[in-house]
file model37.tsv (TSV, N, CA and C atoms)
chain	number	residue	atom	x	y	z
Z	26	MET	N	-6.53	-6.30	-43.88
Z	26	MET	CA	-7.50	-7.35	-43.66
Z	26	MET	C	-6.72	-8.62	-43.32
Z	27	GLU	N	-7.24	-9.34	-42.40
Z	27	GLU	CA	-6.61	-10.61	-42.04
Z	27	GLU	C	-7.03	-11.68	-43.04
Z	28	ILE	N	-6.09	-12.55	-43.41
Z	28	ILE	CA	-6.38	-13.61	-44.37
Z	28	ILE	C	-6.07	-14.96	-43.74
Z	29	ILE	N	-6.99	-15.88	-43.94
Z	29	ILE	CA	-6.77	-17.28	-43.61
Z	29	ILE	C	-7.03	-18.08	-44.89
Z	30	PHE	N	-6.64	-19.32	-44.89
Z	30	PHE	CA	-6.81	-20.17	-46.07
Z	30	PHE	C	-7.68	-21.36	-45.72
Z	31	ILE	N	-8.29	-21.95	-46.72
Z	31	ILE	CA	-9.22	-23.06	-46.51
Z	31	ILE	C	-8.51	-24.27	-45.90
Z	32	SER	N	-7.21	-24.39	-46.15
Z	32	SER	CA	-6.44	-25.49	-45.56
Z	32	SER	C	-4.98	-25.07	-45.46
Z	33	GLU	N	-4.26	-25.75	-44.60
Z	33	GLU	CA	-2.83	-25.48	-44.46
Z	33	GLU	C	-2.10	-25.81	-45.76
Z	34	ARG	N	-2.52	-26.87	-46.40
Z	34	ARG	CA	-1.89	-27.28	-47.66
Z	34	ARG	C	-2.06	-26.21	-48.74
Z	35	PHE	N	-3.27	-25.63	-48.83
Z	35	PHE	CA	-3.52	-24.58	-49.81
Z	35	PHE	C	-2.73	-23.32	-49.47
Z	36	GLN	N	-2.59	-23.02	-48.19
Z	36	GLN	CA	-1.79	-21.87	-47.76
Z	36	GLN	C	-0.33	-22.06	-48.17
Z	37	GLU	N	0.19	-23.24	-47.96
Z	37	GLU	CA	1.57	-23.53	-48.35
Z	37	GLU	C	1.73	-23.41	-49.87
Z	38	PHE	N	0.76	-23.90	-50.62
Z	38	PHE	CA	0.80	-23.79	-52.08
Z	38	PHE	C	0.82	-22.32	-52.51
Z	39	CYS	N	-0.06	-21.52	-51.94
Z	39	CYS	CA	-0.13	-20.10	-52.30
Z	39	CYS	C	1.10	-19.32	-51.86
Z	40	SER	N	1.80	-19.81	-50.88
Z	40	SER	CA	3.00	-19.13	-50.37
Z	40	SER	C	4.26	-19.54	-51.11
Z	41	ASP	N	4.19	-20.58	-51.91
Z	41	ASP	CA	5.36	-21.12	-52.60
Z	41	ASP	C	5.36	-20.67	-54.06
Z	42	LYS	N	6.16	-19.65	-54.36
Z	42	LYS	CA	6.15	-19.08	-55.71
Z	42	LYS	C	6.56	-20.10	-56.76
Z	43	SER	N	7.45	-21.02	-56.44
Z	43	SER	CA	7.87	-22.01	-57.44
Z	43	SER	C	6.71	-22.96	-57.79
Z	44	LYS	N	5.90	-23.35	-56.81
Z	44	LYS	CA	4.74	-24.20	-57.09
Z	44	LYS	C	3.70	-23.44	-57.91
Z	45	LEU	N	3.46	-22.18	-57.53
Z	45	LEU	CA	2.51	-21.36	-58.29
Z	45	LEU	C	2.99	-21.17	-59.72
Z	46	THR	N	4.30	-20.96	-59.88
Z	46	THR	CA	4.87	-20.75	-61.22
Z	46	THR	C	4.70	-21.99	-62.08
Z	47	ARG	N	4.96	-23.16	-61.51
Z	47	ARG	CA	4.80	-24.41	-62.28
Z	47	ARG	C	3.35	-24.58	-62.74
Z	48	ARG	N	2.41	-24.19	-61.92
Z	48	ARG	CA	0.99	-24.40	-62.24
Z	48	ARG	C	0.40	-23.30	-63.11
Z	49	TYR	N	0.78	-22.03	-62.83
Z	49	TYR	CA	0.12	-20.90	-63.48
Z	49	TYR	C	1.04	-20.01	-64.31
Z	50	GLY	N	2.34	-20.27	-64.28
Z	50	GLY	CA	3.28	-19.43	-65.00
Z	50	GLY	C	3.82	-18.33	-64.10
Z	51	ASP	N	4.96	-17.77	-64.48
Z	51	ASP	CA	5.66	-16.79	-63.65
Z	51	ASP	C	4.85	-15.51	-63.43
Z	52	VAL	N	4.27	-14.99	-64.49
Z	52	VAL	CA	3.51	-13.73	-64.38
Z	52	VAL	C	2.32	-13.91	-63.45
Z	53	ASN	N	1.55	-14.98	-63.63
Z	53	ASN	CA	0.38	-15.21	-62.78
Z	53	ASN	C	0.76	-15.52	-61.34
Z	54	ALA	N	1.86	-16.22	-61.13
Z	54	ALA	CA	2.33	-16.48	-59.76
Z	54	ALA	C	2.62	-15.16	-59.06
Z	55	GLY	N	3.25	-14.24	-59.76
Z	55	GLY	CA	3.52	-12.91	-59.20
Z	55	GLY	C	2.24	-12.16	-58.89
Z	56	ARG	N	1.27	-12.28	-59.77
Z	56	ARG	CA	-0.01	-11.59	-59.55
Z	56	ARG	C	-0.78	-12.18	-58.38
Z	57	ILE	N	-0.71	-13.48	-58.21
Z	57	ILE	CA	-1.37	-14.11	-57.05
Z	57	ILE	C	-0.76	-13.57	-55.77
Z	58	HIS	N	0.55	-13.51	-55.70
Z	58	HIS	CA	1.21	-12.94	-54.52
Z	58	HIS	C	0.84	-11.48	-54.35
Z	59	GLN	N	0.74	-10.74	-55.45
Z	59	GLN	CA	0.37	-9.32	-55.38
Z	59	GLN	C	-1.05	-9.16	-54.83
Z	60	ARG	N	-1.98	-9.98	-55.30
Z	60	ARG	CA	-3.37	-9.88	-54.82
Z	60	ARG	C	-3.46	-10.19	-53.33
Z	61	ILE	N	-2.73	-11.20	-52.89
Z	61	ILE	CA	-2.73	-11.52	-51.46
Z	61	ILE	C	-2.15	-10.36	-50.66
Z	62	ALA	N	-1.08	-9.75	-51.16
Z	62	ALA	CA	-0.48	-8.60	-50.49
Z	62	ALA	C	-1.46	-7.43	-50.44
Z	63	GLU	N	-2.21	-7.21	-51.52
Z	63	GLU	CA	-3.20	-6.13	-51.54
Z	63	GLU	C	-4.30	-6.39	-50.52
Z	64	MET	N	-4.72	-7.64	-50.41
Z	64	MET	CA	-5.74	-7.98	-49.42
Z	64	MET	C	-5.23	-7.74	-48.00
Z	65	LEU	N	-3.98	-8.08	-47.76
Z	65	LEU	CA	-3.40	-7.86	-46.43
Z	65	LEU	C	-3.21	-6.38	-46.12
Z	66	ALA	N	-3.06	-5.56	-47.15
Z	66	ALA	CA	-2.76	-4.13	-46.96
Z	66	ALA	C	-3.99	-3.29	-46.60
Z	67	VAL	N	-5.18	-3.79	-46.89
Z	67	VAL	CA	-6.38	-3.01	-46.59
Z	67	VAL	C	-6.93	-3.38	-45.22
Z	68	ASP	N	-7.75	-2.49	-44.68
Z	68	ASP	CA	-8.36	-2.75	-43.37
Z	68	ASP	C	-9.65	-3.56	-43.47
Z	69	ASN	N	-10.35	-3.41	-44.60
Z	69	ASN	CA	-11.64	-4.08	-44.75
Z	69	ASN	C	-11.95	-4.31	-46.23
Z	70	LEU	N	-13.01	-5.06	-46.47
Z	70	LEU	CA	-13.37	-5.44	-47.83
Z	70	LEU	C	-13.78	-4.24	-48.68
Z	71	ALA	N	-14.39	-3.24	-48.09
Z	71	ALA	CA	-14.78	-2.04	-48.84
Z	71	ALA	C	-13.56	-1.36	-49.45
Z	72	GLN	N	-12.46	-1.33	-48.73
Z	72	GLN	CA	-11.24	-0.71	-49.25
Z	72	GLN	C	-10.67	-1.50	-50.42
Z	73	LEU	N	-10.81	-2.81	-50.40
Z	73	LEU	CA	-10.33	-3.64	-51.51
Z	73	LEU	C	-11.13	-3.35	-52.78
Z	74	TYR	N	-12.41	-3.03	-52.62
Z	74	TYR	CA	-13.27	-2.72	-53.76
Z	74	TYR	C	-12.78	-1.49	-54.53
Z	75	ILE	N	-12.18	-0.54	-53.87
Z	75	ILE	CA	-11.81	0.71	-54.56
Z	75	ILE	C	-10.43	0.65	-55.21
Z	76	LEU	N	-9.66	-0.40	-54.95
Z	76	LEU	CA	-8.38	-0.55	-55.63
Z	76	LEU	C	-8.64	-0.96	-57.08
Z	77	PRO	N	-8.00	-0.30	-58.05
Z	77	PRO	CA	-8.29	-0.61	-59.45
Z	77	PRO	C	-7.74	-1.96	-59.93
Z	78	GLY	N	-6.60	-2.38	-59.44
Z	78	GLY	CA	-5.96	-3.60	-59.96
Z	78	GLY	C	-6.71	-4.88	-59.66
Z	79	PRO	N	-7.10	-5.12	-58.42
Z	79	PRO	CA	-7.71	-6.41	-58.09
Z	79	PRO	C	-9.11	-6.62	-58.70
Z	80	ARG	N	-9.84	-5.54	-58.98
Z	80	ARG	CA	-11.22	-5.63	-59.43
Z	80	ARG	C	-12.01	-6.61	-58.55
Z	81	CYS	N	-12.09	-6.27	-57.30
Z	81	CYS	CA	-12.82	-7.09	-56.34
Z	81	CYS	C	-14.31	-7.03	-56.66
Z	82	HIS	N	-14.96	-8.19	-56.62
Z	82	HIS	CA	-16.39	-8.24	-56.91
Z	82	HIS	C	-17.04	-9.46	-56.24
Z	83	GLU	N	-18.31	-9.29	-55.92
Z	83	GLU	CA	-19.07	-10.41	-55.35
Z	83	GLU	C	-19.56	-11.29	-56.48
Z	84	LEU	N	-19.56	-12.59	-56.23
Z	84	LEU	CA	-20.03	-13.54	-57.23
Z	84	LEU	C	-21.55	-13.71	-57.09
Z	85	HIS	N	-22.14	-14.37	-58.08
Z	85	HIS	CA	-23.60	-14.50	-58.13
Z	85	HIS	C	-24.02	-15.97	-58.18
Z	86	GLY	N	-25.31	-16.17	-58.21
Z	86	GLY	CA	-25.86	-17.52	-58.32
Z	86	GLY	C	-25.53	-18.37	-57.12
Z	87	ASN	N	-25.05	-19.59	-57.38
Z	87	ASN	CA	-24.73	-20.50	-56.27
Z	87	ASN	C	-23.46	-20.09	-55.55
Z	88	ARG	N	-22.81	-19.03	-56.03
Z	88	ARG	CA	-21.61	-18.52	-55.36
Z	88	ARG	C	-21.88	-17.20	-54.64
Z	89	LYS	N	-23.15	-16.85	-54.44
Z	89	LYS	CA	-23.49	-15.62	-53.73
Z	89	LYS	C	-22.84	-15.65	-52.35
Z	90	GLY	N	-22.25	-14.56	-51.95
Z	90	GLY	CA	-21.53	-14.48	-50.68
Z	90	GLY	C	-20.05	-14.77	-50.82
Z	91	HIS	N	-19.64	-15.23	-52.00
Z	91	HIS	CA	-18.23	-15.42	-52.32
Z	91	HIS	C	-17.76	-14.19	-53.08
Z	92	PHE	N	-16.48	-13.88	-52.96
Z	92	PHE	CA	-15.89	-12.73	-53.63
Z	92	PHE	C	-14.69	-13.19	-54.43
Z	93	ALA	N	-14.29	-12.37	-55.41
Z	93	ALA	CA	-13.13	-12.70	-56.23
Z	93	ALA	C	-12.32	-11.44	-56.51
Z	94	VAL	N	-11.02	-11.65	-56.69
Z	94	VAL	CA	-10.13	-10.62	-57.24
Z	94	VAL	C	-9.48	-11.24	-58.47
Z	95	ASP	N	-9.35	-10.43	-59.51
Z	95	ASP	CA	-8.81	-10.92	-60.77
Z	95	ASP	C	-7.30	-11.13	-60.70
Z	96	ILE	N	-6.86	-12.22	-61.32
Z	96	ILE	CA	-5.44	-12.48	-61.51
Z	96	ILE	C	-5.09	-12.09	-62.95
Z	97	ASN	N	-5.88	-12.59	-63.88
Z	97	ASN	CA	-5.78	-12.20	-65.29
Z	97	ASN	C	-7.17	-12.37	-65.91
Z	98	GLY	N	-7.27	-12.45	-67.23
Z	98	GLY	CA	-8.57	-12.57	-67.87
Z	98	GLY	C	-9.36	-13.81	-67.53
Z	99	GLU	N	-8.69	-14.88	-67.13
Z	99	GLU	CA	-9.42	-16.11	-66.81
Z	99	GLU	C	-9.23	-16.58	-65.38
Z	100	LEU	N	-8.15	-16.20	-64.72
Z	100	LEU	CA	-7.89	-16.65	-63.35
Z	100	LEU	C	-8.37	-15.62	-62.33
Z	101	ARG	N	-8.88	-16.13	-61.23
Z	101	ARG	CA	-9.25	-15.25	-60.12
Z	101	ARG	C	-9.06	-15.98	-58.80
Z	102	LEU	N	-8.79	-15.20	-57.77
Z	102	LEU	CA	-8.63	-15.70	-56.41
Z	102	LEU	C	-9.99	-15.56	-55.72
Z	103	ILE	N	-10.53	-16.67	-55.24
Z	103	ILE	CA	-11.87	-16.69	-54.64
Z	103	ILE	C	-11.74	-16.74	-53.12
Z	104	PHE	N	-12.56	-15.92	-52.44
Z	104	PHE	CA	-12.54	-15.90	-50.98
Z	104	PHE	C	-13.93	-15.61	-50.44
Z	105	ILE	N	-14.09	-15.89	-49.16
Z	105	ILE	CA	-15.35	-15.62	-48.46
Z	105	ILE	C	-15.04	-14.81	-47.21
Z	106	PRO	N	-15.99	-14.00	-46.75
Z	106	PRO	CA	-15.79	-13.32	-45.47
Z	106	PRO	C	-15.63	-14.36	-44.37
Z	107	ALA	N	-14.70	-14.12	-43.46
Z	107	ALA	CA	-14.45	-15.08	-42.38
Z	107	ALA	C	-14.72	-14.50	-41.00
Z	108	ASP	N	-15.28	-13.29	-40.95
Z	108	ASP	CA	-15.66	-12.71	-39.67
Z	108	ASP	C	-16.76	-13.58	-39.05
Z	109	ASN	N	-16.77	-13.66	-37.73
Z	109	ASN	CA	-17.78	-14.45	-37.05
Z	109	ASN	C	-18.48	-13.58	-36.02
Z	110	PRO	N	-19.70	-13.19	-36.26
Z	110	PRO	CA	-20.55	-13.47	-37.41
Z	110	PRO	C	-20.21	-12.56	-38.59
Z	111	ILE	N	-20.65	-12.97	-39.78
Z	111	ILE	CA	-20.46	-12.14	-40.97
Z	111	ILE	C	-21.40	-10.94	-40.83
Z	112	PRO	N	-20.86	-9.72	-40.97
Z	112	PRO	CA	-21.70	-8.53	-40.80
Z	112	PRO	C	-22.63	-8.32	-42.01
Z	113	HIS	N	-23.90	-8.14	-41.72
Z	113	HIS	CA	-24.90	-7.94	-42.77
Z	113	HIS	C	-25.60	-6.59	-42.62
Z	114	LYS	N	-26.03	-6.05	-43.75
Z	114	LYS	CA	-26.86	-4.86	-43.79
Z	114	LYS	C	-28.30	-5.28	-43.49
Z	115	PRO	N	-29.16	-4.32	-43.17
Z	115	PRO	CA	-30.57	-4.66	-42.91
Z	115	PRO	C	-31.25	-5.39	-44.07
Z	116	ASP	N	-30.81	-5.10	-45.32
Z	116	ASP	CA	-31.42	-5.76	-46.49
Z	116	ASP	C	-30.87	-7.16	-46.74
Z	117	GLY	N	-29.91	-7.61	-45.90
Z	117	GLY	CA	-29.35	-8.95	-46.03
Z	117	GLY	C	-28.01	-9.01	-46.74
Z	118	GLY	N	-27.64	-7.94	-47.43
Z	118	GLY	CA	-26.34	-7.91	-48.09
Z	118	GLY	C	-25.20	-7.87	-47.08
Z	119	ILE	N	-23.99	-8.10	-47.54
Z	119	ILE	CA	-22.83	-8.10	-46.66
Z	119	ILE	C	-22.34	-6.67	-46.47
Z	120	LEU	N	-22.08	-6.29	-45.25
Z	120	LEU	CA	-21.60	-4.96	-44.90
Z	120	LEU	C	-20.08	-4.93	-45.10
Z	121	LEU	N	-19.66	-4.49	-46.28
Z	121	LEU	CA	-18.26	-4.59	-46.70
Z	121	LEU	C	-17.30	-3.87	-45.75
Z	122	LYS	N	-17.70	-2.73	-45.19
Z	122	LYS	CA	-16.82	-1.96	-44.29
Z	122	LYS	C	-16.50	-2.70	-43.00
Z	123	LYS	N	-17.33	-3.67	-42.65
Z	123	LYS	CA	-17.14	-4.42	-41.41
Z	123	LYS	C	-16.45	-5.77	-41.62
Z	124	VAL	N	-16.22	-6.15	-42.87
Z	124	VAL	CA	-15.53	-7.42	-43.15
Z	124	VAL	C	-14.04	-7.18	-43.05
Z	125	THR	N	-13.42	-7.73	-42.01
Z	125	THR	CA	-11.99	-7.51	-41.77
Z	125	THR	C	-11.18	-8.80	-41.84
Z	126	MET	N	-11.85	-9.89	-42.19
Z	126	MET	CA	-11.16	-11.18	-42.30
Z	126	MET	C	-11.73	-11.93	-43.49
Z	127	ALA	N	-10.82	-12.53	-44.27
Z	127	ALA	CA	-11.24	-13.30	-45.44
Z	127	ALA	C	-10.58	-14.67	-45.42
Z	128	GLN	N	-11.31	-15.65	-45.92
Z	128	GLN	CA	-10.76	-17.00	-46.08
Z	128	GLN	C	-10.62	-17.27	-47.57
Z	129	VAL	N	-9.39	-17.44	-48.03
Z	129	VAL	CA	-9.12	-17.75	-49.43
Z	129	VAL	C	-9.44	-19.22	-49.63
Z	130	ILE	N	-10.31	-19.50	-50.62
Z	130	ILE	CA	-10.76	-20.88	-50.79
Z	130	ILE	C	-10.28	-21.53	-52.08
Z	131	GLU	N	-9.94	-20.74	-53.11
Z	131	GLU	CA	-9.45	-21.37	-54.34
Z	131	GLU	C	-8.90	-20.35	-55.32
Z	132	ILE	N	-8.15	-20.86	-56.27
Z	132	ILE	CA	-7.75	-20.11	-57.46
Z	132	ILE	C	-8.55	-20.76	-58.58
Z	133	SER	N	-9.38	-19.97	-59.23
Z	133	SER	CA	-10.35	-20.52	-60.17
Z	133	SER	C	-10.10	-20.03	-61.59
Z	134	ARG	N	-10.31	-20.93	-62.54
Z	134	ARG	CA	-10.33	-20.55	-63.96
Z	134	ARG	C	-11.77	-20.24	-64.30
Z	135	HIS	N	-12.09	-18.96	-64.36
Z	135	HIS	CA	-13.46	-18.54	-64.58
Z	135	HIS	C	-13.92	-18.82	-66.00
Z	136	TYR	N	-13.10	-18.44	-66.95
Z	136	TYR	CA	-13.43	-18.67	-68.36
Z	136	TYR	C	-12.44	-19.68	-68.90
Z	137	LYS	N	-12.87	-20.91	-68.99
Z	137	LYS	CA	-11.97	-21.96	-69.47
Z	137	LYS	C	-11.87	-21.88	-70.98
Z	138	PRO	N	-10.61	-21.93	-71.50
Z	138	PRO	CA	-10.44	-21.84	-72.96
Z	138	PRO	C	-10.97	-23.07	-73.67
call {"tool": "encode", "arguments": {"input": "model37.tsv", "output": "C-alpha cells"}}
result
Amino acid sequence: MEIIFISERFQEFCSDKSKLTRRYGDVNAGRIHQRIAEMLAVDNLAQLYILPGPRCHELHGNRKGHFAVDINGELRLIFIPADNPIPHKPDGGILLKKVTMAQVIEISRHYKP
C-alpha cells in the first residue's frame, strides 16, 4: 500500500527514529517504524486487517472513516484512505480491498493515563 503523510514535517518526524525515541521511547519508536513497514508491505487495506500484529480497525463516532493500527496499549497510528475517489461499497462502507493508498495523520494516545 502506498503511504503519504499529512505534512512533510510529520513525515520527517515519523522517519527519524531518534525523534520518535525521545517522544515515545525506544520500543514504541521501533513499533511505529514496524507498523509503517507493515502498511507498505501490503497491497491494500483488507490485507492489513488480517495481519495479527497491527490490529487494524476502523474508528467510530466523529472519527468514522479513519483507521488505526496499534503501537501499544495506548498508542496508535491513525490514517485515512487516500485513494481518489475513496472506494465505497453499495451500503456506503469503505471497500477495503480497493484502498491502496493511506494518509498517516497522527500518532494518538487513545487511552490517556
call {"tool": "atom_distance", "arguments": {"input": "model37.tsv", "atom1": "atom CA of Z:Ile119", "atom2": "atom CA of Z:His135"}}
result
22.8 Å
call {"tool": "atom_distance", "arguments": {"input": "model37.tsv", "atom1": "atom CA of Z:Gln128", "atom2": "atom N of Z:Lys89"}}
result
14.9 Å
call {"tool": "residues_around", "arguments": {"input": "model37.tsv", "residues": "stretch 91-99 of chain Z", "least_positions_apart": "2", "cutoff": "8 Å", "atoms": "only C-alpha atoms", "output": "VMD selection string"}}
result
chain Z and resid 53 56 to 57 60 78 to 85 88 to 89 101 to 106 134 to 137
call {"tool": "atom_distance", "arguments": {"input": "model37.tsv", "atom1": "atom CA of Z:Arg34", "atom2": "atom CA of Z:Ile130"}}
result
11.4 Å
call {"tool": "select_by_dssp", "arguments": {"input": "model37.tsv", "residues": "chain Z", "states": "strand (DSSP E)", "output": "count of residues only"}}
result
26
call {"tool": "select_by_dssp", "arguments": {"input": "model37.tsv", "residues": "chain Z", "states": "helix (DSSP H, G or I)", "output": "MDAnalysis selection string"}}
result
chainID Z and resid 33:40 42:49 51:66 70:75 86:88 121:123
call {"tool": "write_last_selection", "arguments": {"input": "model37.tsv", "atoms": "N, CA and C atoms", "output": "compact mmCIF listing (two decimals), in the frame of the given file"}}
result
# COMPACT_ATOMS: atom_id res chain seq x y z
N GLU Z 33 -4.26 -25.75 -44.60
CA GLU Z 33 -2.83 -25.48 -44.46
C GLU Z 33 -2.10 -25.81 -45.76
N ARG Z 34 -2.52 -26.87 -46.40
CA ARG Z 34 -1.89 -27.28 -47.66
C ARG Z 34 -2.06 -26.21 -48.74
N PHE Z 35 -3.27 -25.63 -48.83
CA PHE Z 35 -3.52 -24.58 -49.81
C PHE Z 35 -2.73 -23.32 -49.47
N GLN Z 36 -2.59 -23.02 -48.19
CA GLN Z 36 -1.79 -21.87 -47.76
C GLN Z 36 -0.33 -22.06 -48.17
N GLU Z 37 0.19 -23.24 -47.96
CA GLU Z 37 1.57 -23.53 -48.35
C GLU Z 37 1.73 -23.41 -49.87
N PHE Z 38 0.76 -23.90 -50.62
CA PHE Z 38 0.80 -23.79 -52.08
C PHE Z 38 0.82 -22.32 -52.51
N CYS Z 39 -0.06 -21.52 -51.94
CA CYS Z 39 -0.13 -20.10 -52.30
C CYS Z 39 1.10 -19.32 -51.86
N SER Z 40 1.80 -19.81 -50.88
CA SER Z 40 3.00 -19.13 -50.37
C SER Z 40 4.26 -19.54 -51.11
N LYS Z 42 6.16 -19.65 -54.36
CA LYS Z 42 6.15 -19.08 -55.71
C LYS Z 42 6.56 -20.10 -56.76
N SER Z 43 7.45 -21.02 -56.44
CA SER Z 43 7.87 -22.01 -57.44
C SER Z 43 6.71 -22.96 -57.79
N LYS Z 44 5.90 -23.35 -56.81
CA LYS Z 44 4.74 -24.20 -57.09
C LYS Z 44 3.70 -23.44 -57.91
N LEU Z 45 3.46 -22.18 -57.53
CA LEU Z 45 2.51 -21.36 -58.29
C LEU Z 45 2.99 -21.17 -59.72
N THR Z 46 4.30 -20.96 -59.88
CA THR Z 46 4.87 -20.75 -61.22
C THR Z 46 4.70 -21.99 -62.08
N ARG Z 47 4.96 -23.16 -61.51
CA ARG Z 47 4.80 -24.41 -62.28
C ARG Z 47 3.35 -24.58 -62.74
N ARG Z 48 2.41 -24.19 -61.92
CA ARG Z 48 0.99 -24.40 -62.24
C ARG Z 48 0.40 -23.30 -63.11
N TYR Z 49 0.78 -22.03 -62.83
CA TYR Z 49 0.12 -20.90 -63.48
C TYR Z 49 1.04 -20.01 -64.31
N ASP Z 51 4.96 -17.77 -64.48
CA ASP Z 51 5.66 -16.79 -63.65
C ASP Z 51 4.85 -15.51 -63.43
N VAL Z 52 4.27 -14.99 -64.49
CA VAL Z 52 3.51 -13.73 -64.38
C VAL Z 52 2.32 -13.91 -63.45
N ASN Z 53 1.55 -14.98 -63.63
CA ASN Z 53 0.38 -15.21 -62.78
C ASN Z 53 0.76 -15.52 -61.34
N ALA Z 54 1.86 -16.22 -61.13
CA ALA Z 54 2.33 -16.48 -59.76
C ALA Z 54 2.62 -15.16 -59.06
N GLY Z 55 3.25 -14.24 -59.76
CA GLY Z 55 3.52 -12.91 -59.20
C GLY Z 55 2.24 -12.16 -58.89
N ARG Z 56 1.27 -12.28 -59.77
CA ARG Z 56 -0.01 -11.59 -59.55
C ARG Z 56 -0.78 -12.18 -58.38
N ILE Z 57 -0.71 -13.48 -58.21
CA ILE Z 57 -1.37 -14.11 -57.05
C ILE Z 57 -0.76 -13.57 -55.77
N HIS Z 58 0.55 -13.51 -55.70
CA HIS Z 58 1.21 -12.94 -54.52
C HIS Z 58 0.84 -11.48 -54.35
N GLN Z 59 0.74 -10.74 -55.45
CA GLN Z 59 0.37 -9.32 -55.38
C GLN Z 59 -1.05 -9.16 -54.83
N ARG Z 60 -1.98 -9.98 -55.30
CA ARG Z 60 -3.37 -9.88 -54.82
C ARG Z 60 -3.46 -10.19 -53.33
N ILE Z 61 -2.73 -11.20 -52.89
CA ILE Z 61 -2.73 -11.52 -51.46
C ILE Z 61 -2.15 -10.36 -50.66
N ALA Z 62 -1.08 -9.75 -51.16
CA ALA Z 62 -0.48 -8.60 -50.49
C ALA Z 62 -1.46 -7.43 -50.44
N GLU Z 63 -2.21 -7.21 -51.52
CA GLU Z 63 -3.20 -6.13 -51.54
C GLU Z 63 -4.30 -6.39 -50.52
N MET Z 64 -4.72 -7.64 -50.41
CA MET Z 64 -5.74 -7.98 -49.42
C MET Z 64 -5.23 -7.74 -48.00
N LEU Z 65 -3.98 -8.08 -47.76
CA LEU Z 65 -3.40 -7.86 -46.43
C LEU Z 65 -3.21 -6.38 -46.12
N ALA Z 66 -3.06 -5.56 -47.15
CA ALA Z 66 -2.76 -4.13 -46.96
C ALA Z 66 -3.99 -3.29 -46.60
N LEU Z 70 -13.01 -5.06 -46.47
CA LEU Z 70 -13.37 -5.44 -47.83
C LEU Z 70 -13.78 -4.24 -48.68
N ALA Z 71 -14.39 -3.24 -48.09
CA ALA Z 71 -14.78 -2.04 -48.84
C ALA Z 71 -13.56 -1.36 -49.45
N GLN Z 72 -12.46 -1.33 -48.73
CA GLN Z 72 -11.24 -0.71 -49.25
C GLN Z 72 -10.67 -1.50 -50.42
N LEU Z 73 -10.81 -2.81 -50.40
CA LEU Z 73 -10.33 -3.64 -51.51
C LEU Z 73 -11.13 -3.35 -52.78
N TYR Z 74 -12.41 -3.03 -52.62
CA TYR Z 74 -13.27 -2.72 -53.76
C TYR Z 74 -12.78 -1.49 -54.53
N ILE Z 75 -12.18 -0.54 -53.87
CA ILE Z 75 -11.81 0.71 -54.56
C ILE Z 75 -10.43 0.65 -55.21
N GLY Z 86 -25.31 -16.17 -58.21
CA GLY Z 86 -25.86 -17.52 -58.32
C GLY Z 86 -25.53 -18.37 -57.12
N ASN Z 87 -25.05 -19.59 -57.38
CA ASN Z 87 -24.73 -20.50 -56.27
C ASN Z 87 -23.46 -20.09 -55.55
N ARG Z 88 -22.81 -19.03 -56.03
CA ARG Z 88 -21.61 -18.52 -55.36
C ARG Z 88 -21.88 -17.20 -54.64
N LEU Z 121 -19.66 -4.49 -46.28
CA LEU Z 121 -18.26 -4.59 -46.70
C LEU Z 121 -17.30 -3.87 -45.75
N LYS Z 122 -17.70 -2.73 -45.19
CA LYS Z 122 -16.82 -1.96 -44.29
C LYS Z 122 -16.50 -2.70 -43.00
N LYS Z 123 -17.33 -3.67 -42.65
CA LYS Z 123 -17.14 -4.42 -41.41
C LYS Z 123 -16.45 -5.77 -41.62
call {"tool": "closest_residue", "arguments": {"input": "model37.tsv", "among": "Z:Val129, Z:Leu100, Z:Ile28, Z:Leu70", "to": "Z:Ala54", "atoms": "only C-alpha atoms"}}
result
Z:Leu100
call {"tool": "residues_near_point", "arguments": {"input": "model37.tsv", "point": "(-7.7, -5.1, -41.9)", "cutoff": "6 Å", "atoms": "only C-alpha atoms", "output": "PyMOL selection string"}}
result
chain Z and resi 26-27+67-69+125
call {"tool": "write_last_selection", "arguments": {"input": "model37.tsv", "atoms": "N, CA and C atoms", "output": "compact mmCIF listing (two decimals), in the frame of the given file"}}
result
# COMPACT_ATOMS: atom_id res chain seq x y z
N MET Z 26 -6.53 -6.30 -43.88
CA MET Z 26 -7.50 -7.35 -43.66
C MET Z 26 -6.72 -8.62 -43.32
N GLU Z 27 -7.24 -9.34 -42.40
CA GLU Z 27 -6.61 -10.61 -42.04
C GLU Z 27 -7.03 -11.68 -43.04
N VAL Z 67 -5.18 -3.79 -46.89
CA VAL Z 67 -6.38 -3.01 -46.59
C VAL Z 67 -6.93 -3.38 -45.22
N ASP Z 68 -7.75 -2.49 -44.68
CA ASP Z 68 -8.36 -2.75 -43.37
C ASP Z 68 -9.65 -3.56 -43.47
N ASN Z 69 -10.35 -3.41 -44.60
CA ASN Z 69 -11.64 -4.08 -44.75
C ASN Z 69 -11.95 -4.31 -46.23
N THR Z 125 -13.42 -7.73 -42.01
CA THR Z 125 -11.99 -7.51 -41.77
C THR Z 125 -11.18 -8.80 -41.84
call {"tool": "closest_residue", "arguments": {"input": "model37.tsv", "among": "Z:Asn87, Z:Val124, Z:Glu63, Z:Asp51", "to": "Z:Pro112", "atoms": "all atoms listed in the file"}}
result
Z:Val124
call {"tool": "closest_residue", "arguments": {"input": "model37.tsv", "among": "Z:Leu76, Z:Ile31, Z:Ile132, Z:Ala71", "to": "Z:Leu120", "atoms": "all atoms listed in the file"}}
result
Z:Ala71
call {"tool": "decode", "arguments": {"input": "model37.tsv", "residues": "stretch 31-43 of chain Z", "atoms": "C-alpha atoms", "output": "PDB file, in the first residue's frame"}}
result
ATOM      1  CA  ILE Z  31      -0.443  14.718   6.415  1.00  0.00           C
ATOM      2  CA  SER Z  32       2.594  17.004   6.163  1.00  0.00           C
ATOM      3  CA  GLU Z  33       6.237  16.888   5.204  1.00  0.00           C
ATOM      4  CA  ARG Z  34       7.157  17.794   8.773  1.00  0.00           C
ATOM      5  CA  PHE Z  35       5.175  14.848  10.171  1.00  0.00           C
ATOM      6  CA  GLN Z  36       6.760  12.521   7.598  1.00  0.00           C
ATOM      7  CA  GLU Z  37      10.218  13.652   8.677  1.00  0.00           C
ATOM      8  CA  PHE Z  38       9.270  13.121  12.330  1.00  0.00           C
ATOM      9  CA  CYS Z  39       7.992   9.590  11.644  1.00  0.00           C
ATOM     10  CA  SER Z  40      11.128   8.787   9.648  1.00  0.00           C
ATOM     11  CA  ASP Z  41      13.536   9.955  12.356  1.00  0.00           C
ATOM     12  CA  LYS Z  42      13.953   7.184  14.923  1.00  0.00           C
ATOM     13  CA  SER Z  43      15.834   9.437  17.357  1.00  0.00           C
TER      14      SER Z  43
END
